[in-house]
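To be precise, the following lines are coords32.cif, and they hold mmCIF, C-alpha atoms and all ligand atoms.
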```
data_run
loop_
_atom_site.label_atom_id
_atom_site.label_comp_id
_atom_site.auth_asym_id
_atom_site.auth_seq_id
_atom_site.Cartn_x
_atom_site.Cartn_y
_atom_site.Cartn_z
CA MET A 1 -22.69 67.28 159.52
CA SER A 2 -20.75 65.11 161.84
CA TRP A 3 -21.59 65.33 165.48
CA CYS A 4 -22.43 63.07 168.33
CA TYR A 5 -23.84 63.07 171.77
CA SER A 6 -22.87 60.77 174.52
CA LEU A 7 -24.83 58.75 176.99
CA SER A 8 -21.96 58.68 179.40
CA ASN A 9 -20.07 61.78 180.30
CA ASP A 10 -16.67 61.78 178.90
CA PHE A 11 -16.30 60.95 175.29
CA CYS A 12 -16.54 63.07 172.17
CA ALA A 13 -14.10 65.95 172.37
CA PRO A 14 -16.18 69.09 172.70
CA LYS A 15 -14.65 70.78 169.67
CA THR A 16 -15.66 67.96 167.40
CA LEU A 17 -19.19 68.22 168.72
CA PHE A 18 -19.78 71.86 168.21
CA ARG A 19 -18.23 73.71 165.42
CA GLY A 20 -18.15 77.46 165.67
CA PHE A 21 -17.83 78.04 169.37
CA ASP A 22 -15.68 77.06 172.23
CA MET A 23 -17.32 74.57 174.52
CA ALA A 24 -14.94 75.27 177.39
CA SER A 25 -15.14 79.02 177.53
CA GLY A 26 -18.81 79.18 176.60
CA PRO A 27 -20.43 81.80 174.41
CA THR A 28 -18.41 84.56 172.87
CA ARG A 29 -21.38 86.79 172.26
CA THR A 30 -24.64 86.37 174.06
CA SER A 31 -27.98 88.00 173.70
CA ILE A 32 -30.56 87.01 176.21
CA THR A 33 -33.87 88.77 176.17
CA ALA A 34 -35.02 90.49 179.32
CA SER A 35 -38.10 88.33 179.59
CA LEU A 36 -36.01 85.23 179.17
CA ALA A 37 -33.62 86.32 181.86
CA SER A 38 -36.40 86.99 184.32
CA LEU A 39 -38.12 83.77 183.40
CA SER A 40 -34.95 81.81 183.85
CA ALA A 41 -34.37 83.47 187.19
CA LEU A 42 -37.82 82.40 188.26
CA LEU A 43 -37.23 78.89 187.07
CA LEU A 44 -33.87 78.68 188.75
CA LEU A 45 -35.52 79.77 191.93
CA SER A 46 -38.20 77.13 191.67
CA VAL A 47 -35.96 74.23 190.71
CA SER A 48 -33.27 75.03 193.20
CA LEU A 49 -35.63 73.64 195.82
CA VAL A 50 -35.70 70.30 194.08
CA ALA A 51 -32.99 67.91 195.16
CA THR A 52 -31.72 65.91 192.21
CA ALA A 53 -29.84 62.74 192.87
CA GLY A 54 -27.63 62.14 189.87
CA GLN A 55 -28.29 63.18 186.33
CA VAL A 56 -31.71 64.04 185.02
CA HIS A 57 -32.66 61.80 182.16
CA ILE A 58 -33.89 63.60 179.04
CA HIS A 59 -35.83 60.81 177.40
CA GLY A 60 -37.73 62.36 174.55
CA ALA A 61 -37.81 65.37 172.28
CA ARG A 62 -40.29 66.85 169.85
CA ILE A 63 -40.20 69.76 167.45
CA TRP A 64 -43.36 71.55 166.36
CA ASN A 65 -43.43 73.87 163.44
CA GLY A 66 -45.93 76.75 163.53
CA PRO A 67 -46.33 79.58 161.02
CA ASP A 68 -44.65 82.13 163.27
CA HIS A 69 -42.79 80.05 165.82
CA THR A 70 -40.98 76.78 166.28
CA ARG A 71 -41.31 74.91 169.53
CA VAL A 72 -38.82 72.38 170.84
CA VAL A 73 -39.98 70.22 173.74
CA LEU A 74 -37.68 68.04 175.82
CA ASP A 75 -39.16 65.38 178.10
CA THR A 76 -37.26 65.54 181.36
CA ALA A 77 -37.53 62.94 184.10
CA ALA A 78 -37.62 65.72 186.70
CA PRO A 79 -37.46 69.53 186.82
CA ILE A 80 -34.10 70.71 185.50
CA ARG A 81 -31.78 73.69 185.75
CA HIS A 82 -31.04 75.29 182.44
CA ARG A 83 -30.05 78.44 180.65
CA VAL A 84 -30.63 79.57 177.11
CA PHE A 85 -28.56 82.00 175.10
CA SER A 86 -28.01 82.80 171.47
CA LEU A 87 -24.85 82.94 169.43
CA ASP A 88 -24.24 84.62 166.10
CA ASP A 89 -22.28 83.78 163.04
CA PRO A 90 -23.86 81.40 162.33
CA HIS A 91 -27.06 82.03 164.29
CA ARG A 92 -27.82 79.40 166.86
CA LEU A 93 -29.54 79.00 170.18
CA VAL A 94 -27.84 77.10 172.95
CA VAL A 95 -29.69 75.33 175.74
CA ASP A 96 -27.44 74.25 178.60
CA ILE A 97 -28.97 71.81 181.03
CA THR A 98 -27.17 71.16 184.27
CA ASP A 99 -26.49 67.58 185.26
CA ALA A 100 -28.49 65.90 182.56
CA ARG A 101 -28.10 63.26 179.91
CA LEU A 102 -29.99 62.57 176.71
CA SER A 103 -31.03 59.21 175.36
CA GLY A 104 -32.28 58.62 171.86
CA ASP A 105 -32.18 60.90 168.86
CA LEU A 106 -33.18 64.51 168.62
CA PRO A 107 -35.85 65.06 165.99
CA ALA A 108 -35.02 66.64 162.65
CA ALA A 109 -36.36 70.10 161.84
CA ALA A 110 -38.98 70.31 159.12
CA VAL A 111 -37.58 71.20 155.70
CA ASP A 112 -39.92 74.21 155.48
CA ASP A 113 -39.12 75.46 158.99
CA VAL A 114 -38.08 79.09 158.43
CA LEU A 115 -36.40 79.41 161.81
CA VAL A 116 -34.64 76.20 162.80
CA SER A 117 -32.49 74.12 160.48
CA GLY A 118 -31.49 71.41 162.90
CA LEU A 119 -30.88 70.21 166.44
CA ARG A 120 -27.78 68.66 167.90
CA SER A 121 -26.46 67.89 171.33
CA GLY A 122 -23.33 67.16 173.25
CA VAL A 123 -21.92 66.69 176.70
CA ARG A 124 -20.48 69.70 178.43
CA GLN A 125 -18.22 69.83 181.46
CA GLY A 126 -18.62 66.14 182.09
CA ASP A 127 -22.14 66.05 183.42
CA ASP A 128 -24.05 68.76 181.65
CA LEU A 129 -26.03 68.50 178.46
CA ARG A 130 -25.92 71.07 175.71
CA VAL A 131 -28.60 71.17 173.03
CA VAL A 132 -28.00 73.48 170.10
CA LEU A 133 -30.66 74.77 167.71
CA ASP A 134 -29.07 75.75 164.41
CA LEU A 135 -30.99 78.73 163.11
CA LYS A 136 -31.78 80.16 159.72
CA GLN A 137 -32.21 83.70 161.10
CA PRO A 138 -31.88 85.60 164.38
CA VAL A 139 -34.67 84.68 166.78
CA LYS A 140 -36.38 85.71 169.95
CA ALA A 141 -36.47 82.82 172.37
CA LYS A 142 -38.24 81.95 175.55
CA SER A 143 -38.08 78.83 177.64
CA PHE A 144 -40.17 77.47 180.44
CA GLN A 145 -40.85 74.21 182.22
CA LEU A 146 -44.15 72.37 182.42
CA LYS A 147 -45.32 70.01 185.10
CA PRO A 148 -46.69 66.56 184.30
CA ASN A 149 -50.27 66.25 183.08
CA GLY A 150 -52.39 63.41 181.73
CA THR A 151 -50.44 63.27 178.47
CA TYR A 152 -46.83 64.09 179.29
CA GLY A 153 -44.42 64.26 182.21
CA HIS A 154 -42.04 67.10 183.09
CA ARG A 155 -41.02 69.11 180.06
CA LEU A 156 -38.70 71.89 179.05
CA VAL A 157 -40.19 74.03 176.28
CA ILE A 158 -38.13 76.31 174.06
CA ASP A 159 -40.13 78.61 171.81
CA VAL A 160 -38.38 80.57 169.10
CA SER A 161 -39.90 83.19 166.84
CA ALA A 162 -38.49 85.58 164.26
CA ARG A 163 -37.03 88.86 165.46
CA SER A 164 -38.51 90.64 162.46
CA LEU A 165 -42.22 91.39 161.95
CA PRO A 166 -44.24 88.36 163.09
CA ALA A 167 -45.94 86.36 160.39
CA GLN A 168 -49.32 87.05 161.96
CA ALA A 169 -48.97 90.81 161.61
CA GLN A 170 -47.92 90.39 158.00
CA LEU A 171 -50.96 88.25 157.35
CA ALA A 172 -53.27 90.74 158.99
CA SER A 173 -51.95 93.64 156.94
CA ARG A 174 -52.19 91.57 153.76
CA ALA A 175 -55.80 90.71 154.58
CA ALA A 176 -56.62 94.34 155.21
CA THR A 177 -55.06 95.38 151.92
CA SER A 178 -56.88 92.77 149.92
CA THR A 179 -60.31 93.51 151.41
CA ALA A 180 -59.80 97.25 151.21
CA SER A 181 -58.96 97.33 147.50
CA ALA A 182 -61.96 98.75 145.69
CA PRO A 183 -62.56 98.24 141.98
CA ALA A 184 -62.58 101.38 139.83
CA GLY A 185 -65.91 103.12 139.86
CA GLY A 186 -67.39 101.66 143.00
CA VAL A 187 -66.88 100.57 146.58
CA ARG A 188 -66.41 96.84 146.91
CA ASP A 189 -68.30 95.05 149.63
CA ARG A 190 -66.01 93.55 152.16
CA ASP A 191 -66.12 89.81 152.73
CA VAL A 192 -67.66 88.36 155.82
CA ILE A 193 -64.74 86.79 157.68
CA ILE A 194 -65.12 83.51 159.51
CA ALA A 195 -62.36 82.36 161.85
CA VAL A 196 -62.22 78.57 161.65
CA ASP A 197 -60.45 77.22 164.70
CA ALA A 198 -59.22 73.64 164.59
CA GLY A 199 -59.11 72.50 168.20
CA HIS A 200 -55.88 71.35 169.89
CA GLY A 201 -52.64 70.72 167.94
CA GLY A 202 -48.94 70.11 168.44
CA GLU A 203 -48.15 69.12 172.00
CA ASP A 204 -51.89 68.91 172.75
CA PRO A 205 -53.48 65.92 170.94
CA GLY A 206 -56.98 66.55 172.32
CA ALA A 207 -59.03 63.43 172.92
CA ILE A 208 -57.76 60.11 171.60
CA GLY A 209 -60.21 57.51 170.28
CA ALA A 210 -60.01 53.82 171.11
CA GLY A 211 -58.85 53.22 167.53
CA GLY A 212 -55.95 55.65 168.00
CA THR A 213 -57.52 58.65 166.24
CA TYR A 214 -56.26 62.00 167.53
CA GLU A 215 -58.80 64.76 167.91
CA LYS A 216 -56.23 67.34 166.70
CA HIS A 217 -55.94 65.61 163.31
CA VAL A 218 -59.69 65.24 162.83
CA THR A 219 -60.39 68.86 163.80
CA LEU A 220 -57.79 70.12 161.32
CA ALA A 221 -59.18 67.99 158.50
CA ILE A 222 -62.73 69.20 159.11
CA SER A 223 -61.57 72.81 159.53
CA ARG A 224 -59.68 72.77 156.24
CA LYS A 225 -62.73 71.41 154.45
CA LEU A 226 -64.93 74.00 156.11
CA ALA A 227 -62.54 76.82 155.16
CA ALA A 228 -62.41 75.62 151.54
CA ARG A 229 -66.21 75.45 151.46
CA ILE A 230 -66.51 78.98 152.89
CA ASN A 231 -64.01 80.33 150.39
CA ARG A 232 -66.06 78.96 147.50
CA GLN A 233 -68.98 81.07 148.73
CA GLN A 234 -69.24 84.57 147.30
CA GLY A 235 -68.86 87.30 149.92
CA MET A 236 -67.31 85.01 152.53
CA ARG A 237 -63.72 84.34 153.49
CA ALA A 238 -62.29 81.87 155.96
CA VAL A 239 -59.26 82.37 158.15
CA LEU A 240 -57.74 79.18 159.53
CA ILE A 241 -56.61 79.87 163.08
CA ARG A 242 -54.46 76.72 163.00
CA ASP A 243 -53.23 75.27 159.72
CA GLY A 244 -50.77 72.59 160.75
CA ASP A 245 -49.75 70.43 163.67
CA TYR A 246 -48.58 72.97 166.21
CA PHE A 247 -49.79 74.37 169.50
CA ILE A 248 -51.66 77.66 169.84
CA SER A 249 -52.88 78.76 173.24
CA LEU A 250 -56.56 79.52 173.68
CA ARG A 251 -55.69 83.17 174.10
CA GLN A 252 -53.62 83.30 170.94
CA ARG A 253 -56.54 81.79 169.04
CA ILE A 254 -58.77 84.67 170.11
CA ALA A 255 -56.05 87.22 169.38
CA LYS A 256 -55.56 85.84 165.89
CA ALA A 257 -59.28 85.99 165.10
CA ARG A 258 -59.42 89.57 166.33
CA ALA A 259 -56.34 90.56 164.32
CA GLN A 260 -58.12 89.24 161.26
CA GLN A 261 -61.27 91.17 162.19
CA ALA A 262 -63.40 88.06 162.09
CA ASP A 263 -67.19 88.40 162.08
CA LEU A 264 -67.68 84.90 163.49
CA PHE A 265 -65.50 82.41 165.35
CA VAL A 266 -66.17 78.69 164.97
CA SER A 267 -64.08 76.27 167.01
CA ILE A 268 -64.10 72.67 165.78
CA HIS A 269 -63.73 69.74 168.18
CA ALA A 270 -64.48 66.03 168.41
CA ASP A 271 -64.28 65.21 172.03
CA ALA A 272 -64.48 62.26 174.34
CA PHE A 273 -66.84 61.42 177.13
CA LYS A 274 -66.39 58.90 179.90
CA ASP A 275 -69.40 56.94 178.64
CA ARG A 276 -68.49 55.46 175.26
CA ARG A 277 -72.12 55.10 174.23
CA VAL A 278 -72.56 58.86 174.13
CA ARG A 279 -72.73 60.08 170.54
CA GLY A 280 -73.87 62.91 168.31
CA SER A 281 -72.86 66.50 167.71
CA SER A 282 -73.43 69.46 169.98
CA VAL A 283 -73.00 73.20 169.65
CA TYR A 284 -71.82 75.33 172.55
CA THR A 285 -71.71 79.01 173.32
CA LEU A 286 -70.17 80.79 176.25
CA SER A 287 -72.09 80.88 179.48
CA ASN A 288 -71.68 83.67 181.96
CA GLY A 289 -72.49 81.46 184.86
CA GLY A 290 -72.92 77.72 185.19
CA ALA A 291 -72.87 75.10 182.47
CA THR A 292 -76.15 73.84 180.99
CA SER A 293 -75.47 70.22 181.78
CA GLU A 294 -73.01 67.95 183.49
CA ALA A 295 -71.57 67.00 180.09
CA ALA A 296 -71.18 70.67 179.14
CA LYS A 297 -69.25 71.35 182.33
CA TRP A 298 -67.10 68.28 181.87
CA LEU A 299 -66.27 69.14 178.27
CA ALA A 300 -65.49 72.76 179.05
CA GLU A 301 -63.06 71.66 181.73
CA ARG A 302 -61.40 69.30 179.29
CA GLU A 303 -61.13 71.91 176.54
CA ASN A 304 -59.79 74.53 178.92
CA ARG A 305 -57.04 72.15 179.99
CA ALA A 306 -55.57 72.45 176.49
CA ASP A 307 -53.24 75.25 177.59
CA LEU A 308 -52.00 73.15 180.46
CA ILE A 309 -51.21 70.24 178.18
CA GLY A 310 -49.93 72.25 175.25
CA GLY A 311 -47.94 74.56 177.46
CA VAL A 312 -48.38 78.26 177.99
CA SER A 313 -45.42 80.19 179.30
CA LEU A 314 -45.59 82.46 182.29
CA ALA A 315 -45.00 85.39 179.98
CA GLU A 316 -48.29 84.84 178.25
CA GLN A 317 -50.27 85.17 181.44
CA ASN A 318 -49.61 88.89 181.32
CA ASP A 319 -50.84 89.74 177.89
CA VAL A 320 -53.18 92.61 177.38
CA LEU A 321 -56.07 90.45 176.36
CA ALA A 322 -56.22 88.84 179.80
CA GLY A 323 -58.00 91.81 181.26
CA VAL A 324 -60.45 91.89 178.40
CA LEU A 325 -61.23 88.21 178.78
CA LEU A 326 -62.06 88.46 182.42
CA ASP A 327 -64.56 91.17 181.79
CA MET A 328 -67.08 89.67 179.43
CA THR A 329 -69.76 92.24 179.29
CA GLN A 330 -70.65 92.12 175.65
CA ASN A 331 -74.24 90.98 175.72
CA ALA A 332 -74.76 91.60 172.03
CA THR A 333 -71.90 89.28 171.25
CA LEU A 334 -73.39 86.56 173.43
CA GLU A 335 -76.79 87.03 171.88
CA HIS A 336 -75.39 86.74 168.38
CA SER A 337 -73.33 83.74 169.38
CA SER A 338 -76.54 81.97 170.40
CA ILE A 339 -78.37 82.90 167.22
CA ALA A 340 -75.52 81.72 164.99
CA ALA A 341 -75.14 78.52 167.04
CA GLU A 342 -78.88 77.79 166.65
CA ARG A 343 -78.59 78.08 162.87
CA VAL A 344 -75.63 75.73 162.81
CA LEU A 345 -77.23 73.23 165.18
CA SER A 346 -80.37 73.04 163.04
CA LYS A 347 -78.25 72.06 160.01
CA LEU A 348 -76.36 69.45 162.04
CA ARG A 349 -79.69 68.06 163.17
CA ALA A 350 -80.61 67.57 159.51
CA LEU A 351 -77.33 65.70 158.96
CA GLY A 352 -77.93 63.11 161.66
CA ASP A 353 -77.33 62.48 165.31
CA VAL A 354 -77.25 65.38 167.65
CA HIS A 355 -76.27 64.81 171.24
CA GLN A 356 -78.28 67.74 172.58
CA THR A 357 -81.16 69.22 170.60
CA ARG A 358 -80.62 72.64 172.15
CA ILE A 359 -77.45 74.69 172.18
CA GLN A 360 -75.38 74.16 175.29
CA LYS A 361 -73.63 76.78 177.36
CA ALA A 362 -70.42 76.44 179.31
CA GLY A 363 -67.31 78.41 180.22
CA PHE A 364 -65.11 77.62 177.24
CA ALA A 365 -62.13 79.98 177.37
CA VAL A 366 -61.71 80.00 173.58
CA LEU A 367 -65.19 81.53 173.16
CA LYS A 368 -64.41 84.64 175.21
CA SER A 369 -63.83 87.16 172.43
CA PRO A 370 -65.59 90.27 173.63
CA ASP A 371 -66.55 91.40 170.14
CA ILE A 372 -66.79 88.30 167.94
CA PRO A 373 -69.81 86.01 168.11
CA SER A 374 -68.29 82.61 168.89
CA MET A 375 -69.34 78.98 169.04
CA LEU A 376 -67.72 75.65 169.69
CA VAL A 377 -68.90 72.65 167.68
CA GLU A 378 -68.34 69.20 169.08
CA THR A 379 -68.77 67.47 165.74
CA ALA A 380 -69.04 63.98 167.25
CA PHE A 381 -67.65 61.90 170.09
CA ILE A 382 -64.31 60.40 169.24
CA SER A 383 -64.84 58.16 172.29
CA ASN A 384 -67.72 56.42 170.51
CA PRO A 385 -66.24 53.72 168.23
CA ASP A 386 -68.78 54.26 165.40
CA GLU A 387 -68.30 57.99 165.45
CA GLU A 388 -64.53 57.66 165.60
CA LYS A 389 -64.71 55.70 162.35
CA ARG A 390 -66.95 58.33 160.78
CA LEU A 391 -64.73 61.18 161.87
CA ARG A 392 -61.85 59.63 159.93
CA SER A 393 -63.87 59.52 156.73
CA GLY A 394 -63.21 62.34 154.28
CA ASN A 395 -66.73 61.95 153.02
CA TYR A 396 -68.25 62.48 156.46
CA GLN A 397 -65.88 65.37 157.19
CA GLN A 398 -67.14 67.03 154.01
CA LYS A 399 -70.77 66.51 155.02
CA LEU A 400 -70.05 68.14 158.36
CA ALA A 401 -68.37 71.08 156.63
CA ASP A 402 -71.33 71.47 154.27
CA SER A 403 -73.80 71.51 157.16
CA LEU A 404 -71.74 74.00 159.11
CA VAL A 405 -71.43 76.39 156.19
CA GLN A 406 -75.19 76.26 155.56
CA GLY A 407 -75.84 77.27 159.15
CA ILE A 408 -73.28 80.07 158.91
CA ILE A 409 -74.84 81.40 155.70
CA ASP A 410 -78.30 81.33 157.33
CA TYR A 411 -76.99 83.43 160.18
CA PHE A 412 -75.33 86.04 157.97
CA GLU A 413 -78.36 86.26 155.71
CA ASP A 414 -80.50 87.19 158.70
CA TYR A 415 -77.90 89.32 160.47
CA PRO A 416 -75.58 90.75 157.84
CA PRO A 417 -72.60 92.76 159.07
CA PRO A 418 -72.71 96.24 157.51
CA GLY A 419 -70.64 96.78 154.41
CA THR A 420 -70.83 93.17 153.27
CA ARG A 421 -72.54 91.55 150.34
CA PHE A 422 -75.02 90.00 152.77
CA ALA A 423 -76.09 93.49 153.84
CA ARG A 424 -76.64 94.52 150.26
CA ASP A 425 -78.74 91.54 149.09
CA ASP A 426 -81.00 92.25 151.88
CA THR A 427 -84.01 90.37 152.73
CA PRO A 428 -85.27 92.21 155.79
CA SER A 429 -84.27 90.50 159.00
CA GLY A 430 -86.96 89.16 161.26
CA ASP A 431 -86.51 91.46 164.23
CA ASP A 432 -84.55 94.33 165.62
CA LEU A 433 -81.46 92.35 166.48
CA GLY A 434 -79.94 93.56 163.24
CA ALA A 435 -79.74 96.93 164.93
CA VAL A 436 -77.50 95.44 167.60
CA LEU A 437 -75.10 94.15 165.03
CA PRO A 438 -73.42 97.46 164.13
CA GLY A 439 -72.50 97.66 167.81
CA VAL A 440 -70.91 94.25 167.63
CA HIS A 441 -68.99 94.94 164.49
CA ALA A 442 -68.35 98.64 164.91
CA PRO A 443 -64.68 98.34 165.94
CA ALA A 444 -63.88 96.08 163.01
CA VAL A 445 -65.71 98.25 160.52
CA ALA A 446 -64.19 101.44 161.87
CA ASP A 447 -60.67 99.99 161.61
CA HIS A 448 -61.41 98.78 158.16
CA LEU A 449 -62.65 102.15 156.94
CA ALA A 450 -59.74 103.94 158.59
CA ARG A 451 -57.31 101.95 156.48
CA ARG A 452 -58.74 103.14 153.19
ZN ZN B 1 -61.52 69.26 171.95
#
```
The structure given in the file should be rewritten as C-alpha cells.
Ligand SMILES: [Zn+2]
Amino acid sequence: MSWCYSLSNDFCAPKTLFRGFDMASGPTRTSITASLASLSALLLLSVSLVATAGQVHIHGARIWNGPDHTRVVLDTAAPIRHRVFSLDDPHRLVVDITDARLSGDLPAAAVDDVLVSGLRSGVRQGDDLRVVLDLKQPVKAKSFQLKPNGTYGHRLVIDVSARSLPAQAQLASRAATSTASAPAGGVRDRDVIIAVDAGHGGEDPGAIGAGGTYEKHVTLAISRKLAARINRQQGMRAVLIRDGDYFISLRQRIAKARAQQADLFVSIHADAFKDRRVRGSSVYTLSNGGATSEAAKWLAERENRADLIGGVSLAEQNDVLAGVLLDMTQNATLEHSSIAAERVLSKLRALGDVHQTRIQKAGFAVLKSPDIPSMLVETAFISNPDEEKRLRSGNYQQKLADSLVQGIIDYFEDYPPPGTRFARDDTPSGDDLGAVLPGVHAPAVADHLARR
C-alpha cells in the first residue's frame, strides 16, 4: 500500500493518502457508539480548558494485541482534542486529532491480529492529524486519554473489540461444555480450575530490573510453566488470565476468573523494592484492614497502580463488578485464601529464600473476588540483581512452577471442591473447614449443574 504522512502540514494530496473515503468531506457513513460519544464529549470538555500553543506533537505509538481486543496507544505531548468514527466498505476506524502532528512510524499490526490489519496516517485540513486503523471486521471502539505516570506521558488510547460475541464468552461456553460432558455410564468429575494470572502486561511493564528485565515478561513465562504443570495433573485445569503481551485491568482479571468458574486464583508477580538487597519470595492474601508490614503496603500500592499505568477507561469504572468488589464480606473466601497461601508458601520455603516466613496481607485489588480464594505470589525481587538473573532462567522458572503446583495440590487435597476428583479420592480433611467450602463454591457448582 502506498501512503505517507507528513511532518509539515501541506504535502501529500489527501486522496493519495487515504483510499476509499473523501478527506475533505469527511465520513460518508459513521457509526459512533453511545458510550464513545459521551466519552468524547467528556474529553472535549476536559481538554477545552487546556490552551495549546501550536500543534501537539504525537511522538510515539504502540499497538497491543489481546485475545479479544486490540489497543492502539499514541503518546501525545499534551492533552489533545480528537474524535473517533468508523467507516464501512472496507471497515476502518478513523481517529481525527485536532492540531497535531506525528513523528516517526506507526507500528505494524500483528499478523495474527483478528481485528486490525494496519495503521496509517495523514494530514487533514492543514493542521490536523488523521490516523486510520484498517480493520478485518466491524468493531466496537472506545477512546480515552491518560495522564502521565511514572512510565509514560500523556496518551490517547483507542481500544477496539469485535462486535460479535466476545472471545471471552466463547471461551467460557467452550469450557463449560468440555467439563460438563460426561462419559457414557457415569458422571465425570469436574476438574478443579485454577486461574493463573500473569501480572502486568502490554502498556504496563510492571517493575523493571537493573539488568533491563521486565516483570511482565517474567510473570508470563512463570505463569505459562505453571499452567502447563497444572494441566499435566489429573483432575486439574489451568486457565491463563493473560496469555500474551497485552493489558488487562485488575477488574477484568477477576471477571475472567469468575467467568471460568475458577476454584482458585493465583496472581504471579516479581516485584521491586526500594532496597536492592531485599530478596526472596512472599505470598499475599487480601487484608480487610491494614497491611501486615510496610513492604506489604508498599507493594500493594505499586500493584494497584497497574490500572493507572496500563490505562482503564472511564467506562470501566461503572461495571457491575465494582459494587461487588467494594463489599468484601466473604469470610469463607478469605479463610480459604489464607489456607491455600500457607500451603504454597511452605513449598516456596522448601525451594529457597523466602522474604517473609508468614503469609502477608494487604489490599491488593486483584485479590478481591468475593467467591474465589485468591493469592498473590511475589516470586522474587526483580530489584535484587541475583534474583533478577534467576528470574530469567527457564530452569528456575520451572522450579517455581513446580513448587507452586505442589502447594496448590496440597490445598485441594485437604479442601476438595465438591464434584471434583479431589473430593472423591478423599482422605478426610483435618477439620470442619471443608464444610465451609460448599458455601464458597456453591454458585460455581450450581451454574455448572444447571448447564447439564
Ligand atoms: Zn507486580
Could you list, as a list in words, all the residues within 7 Å of ligand ZN 1 (chain B), counting all atoms listed in the file?
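Those residues are Gly199, His200, Gly206, Ala207, Glu215, His269, Ala270, Asp271 and Glu303 of chain A.
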Computed gap from CA of Ala228 in chain A to CA of Arg242 in chain A is 14.0 Å
Out of A:Gly202, A:Gly394, A:Gly244, A:Gly212, which residue has the shortest atom-to-atom distance to Trp64 in chain A when counting all atoms listed in the file?
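Going through A:Gly202, A:Gly394, A:Gly244, A:Gly212 one by one, the smallest distance to Trp64 in chain A is for A:Gly202.
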Given all atoms listed in the file as the counted atoms, nearest of A:Gln234, A:Ser287, A:Ser383, A:Thr219 to Gln397 in chain A:
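Comparing A:Gln234, A:Ser287, A:Ser383, A:Thr219 against Gln397 in chain A, the winner is A:Thr219.
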Quick check, in Å to one decimal: how far apart do CA of Leu351 in chain A and CA of Asp414 in chain A lie?
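Going from CA of Leu351 in chain A over to CA of Asp414 in chain A, I get 21.7 Å.
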Suppose you want the space between CA of Gly153 in chain A and CA of Val56 in chain A; what is it in Å?
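If I compute the distance from CA of Gly153 in chain A to CA of Val56 in chain A, I get 13.0 Å.
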For Asp159 in chain A, find every residue with an atom within 8 Å (counting only C-alpha atoms), except residues of its own chain fewer than 2 positions away, and show them as a ChimeraX atom specification.
/A:69-72,141-143,157,161
I want to know what sits within 9 Å of Leu404 in chain A, based on all atoms listed in the file, with residues of the same chain fewer than 6 positions away left out; could you give that as JSON, numbers by chain?
{"A": [226, 343, 344, 345, 347, 348]}
Using only C-alpha atoms, the residue out of A:Asp353, A:Asp127, A:Asp189, A:Asp243 with shortest distance to His217 in chain A is A:Asp243
Taking only C-alpha atoms into account, which of A:Arg101, A:Arg92, A:Arg163, A:His57 comes nearest Leu133 in chain A?
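Between A:Arg101, A:Arg92, A:Arg163, A:His57, the residue approaching Leu133 in chain A most closely is A:Arg92.
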So which one's closest to Ala380 in chain A, A:Pro79, A:Gly209, A:Pro138, A:Gly407? Using all atoms listed in the file, please.
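Once distances to Ala380 in chain A are computed over all atoms listed in the file, the minimum belongs to A:Gly209.
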Within 7 Å of range 116-118 of chain A, counting only C-alpha atoms, which residues qualify if same-chain residues fewer than 2 places away don't, as a JSON list (two decimals) with C-alpha atoms, keeping the file's coordinate frame?
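Resulting contents of selection27.json:
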```json
[["chain", "number", "residue", "atom", "x", "y", "z"],
["A", 108, "ALA", "CA", -35.02, 66.64, 162.65],
["A", 109, "ALA", "CA", -36.36, 70.10, 161.84],
["A", 113, "ASP", "CA", -39.12, 75.46, 158.99],
["A", 114, "VAL", "CA", -38.08, 79.09, 158.43],
["A", 120, "ARG", "CA", -27.78, 68.66, 167.90],
["A", 133, "LEU", "CA", -30.66, 74.77, 167.71],
["A", 134, "ASP", "CA", -29.07, 75.75, 164.41],
["A", 135, "LEU", "CA", -30.99, 78.73, 163.11],
["A", 136, "LYS", "CA", -31.78, 80.16, 159.72]]
```
Just checking: using all atoms listed in the file, which residue out of A:Thr379, A:Ile58, A:Ser282, A:Arg83 ends up closest to Ser103 in chain A?
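Looking only at the distances to Ser103 in chain A, the closest residue turns out to be A:Ile58.
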Residue neighbourhood Pro205 in chain A, 6 Å, all atoms listed in the file, exclusion window fewer than 2 positions, as a list in words
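These residues fall inside the cut-off: Gly201, Tyr214 and Lys216 of chain A.
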List every protein, DNA or RNA residue that has an atom no more than 12 Å from (-74.5, 80.8, 155.5) in the file's coordinate frame, counting all atoms listed in the file, and report them as a PyMOL selection string.
chain A and resi 192-194+226+229-237+264+340-341+343-344+347+401-416+422
Write to file, as a short mmCIF file (atom, residue, chain, number, x, y, z; two decimals), in the coordinates of the input, the residues of the selection just made, with C-alpha atoms.
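Generated file (selection.cif):
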```cif
data_model
loop_
_atom_site.label_atom_id
_atom_site.label_comp_id
_atom_site.auth_asym_id
_atom_site.auth_seq_id
_atom_site.Cartn_x
_atom_site.Cartn_y
_atom_site.Cartn_z
CA VAL A 192 -67.66 88.36 155.82
CA ILE A 193 -64.74 86.79 157.68
CA ILE A 194 -65.12 83.51 159.51
CA LEU A 226 -64.93 74.00 156.11
CA ARG A 229 -66.21 75.45 151.46
CA ILE A 230 -66.51 78.98 152.89
CA ASN A 231 -64.01 80.33 150.39
CA ARG A 232 -66.06 78.96 147.50
CA GLN A 233 -68.98 81.07 148.73
CA GLN A 234 -69.24 84.57 147.30
CA GLY A 235 -68.86 87.30 149.92
CA MET A 236 -67.31 85.01 152.53
CA ARG A 237 -63.72 84.34 153.49
CA LEU A 264 -67.68 84.90 163.49
CA ALA A 340 -75.52 81.72 164.99
CA ALA A 341 -75.14 78.52 167.04
CA ARG A 343 -78.59 78.08 162.87
CA VAL A 344 -75.63 75.73 162.81
CA LYS A 347 -78.25 72.06 160.01
CA ALA A 401 -68.37 71.08 156.63
CA ASP A 402 -71.33 71.47 154.27
CA SER A 403 -73.80 71.51 157.16
CA LEU A 404 -71.74 74.00 159.11
CA VAL A 405 -71.43 76.39 156.19
CA GLN A 406 -75.19 76.26 155.56
CA GLY A 407 -75.84 77.27 159.15
CA ILE A 408 -73.28 80.07 158.91
CA ILE A 409 -74.84 81.40 155.70
CA ASP A 410 -78.30 81.33 157.33
CA TYR A 411 -76.99 83.43 160.18
CA PHE A 412 -75.33 86.04 157.97
CA GLU A 413 -78.36 86.26 155.71
CA ASP A 414 -80.50 87.19 158.70
CA TYR A 415 -77.90 89.32 160.47
CA PRO A 416 -75.58 90.75 157.84
CA PHE A 422 -75.02 90.00 152.77
#
```
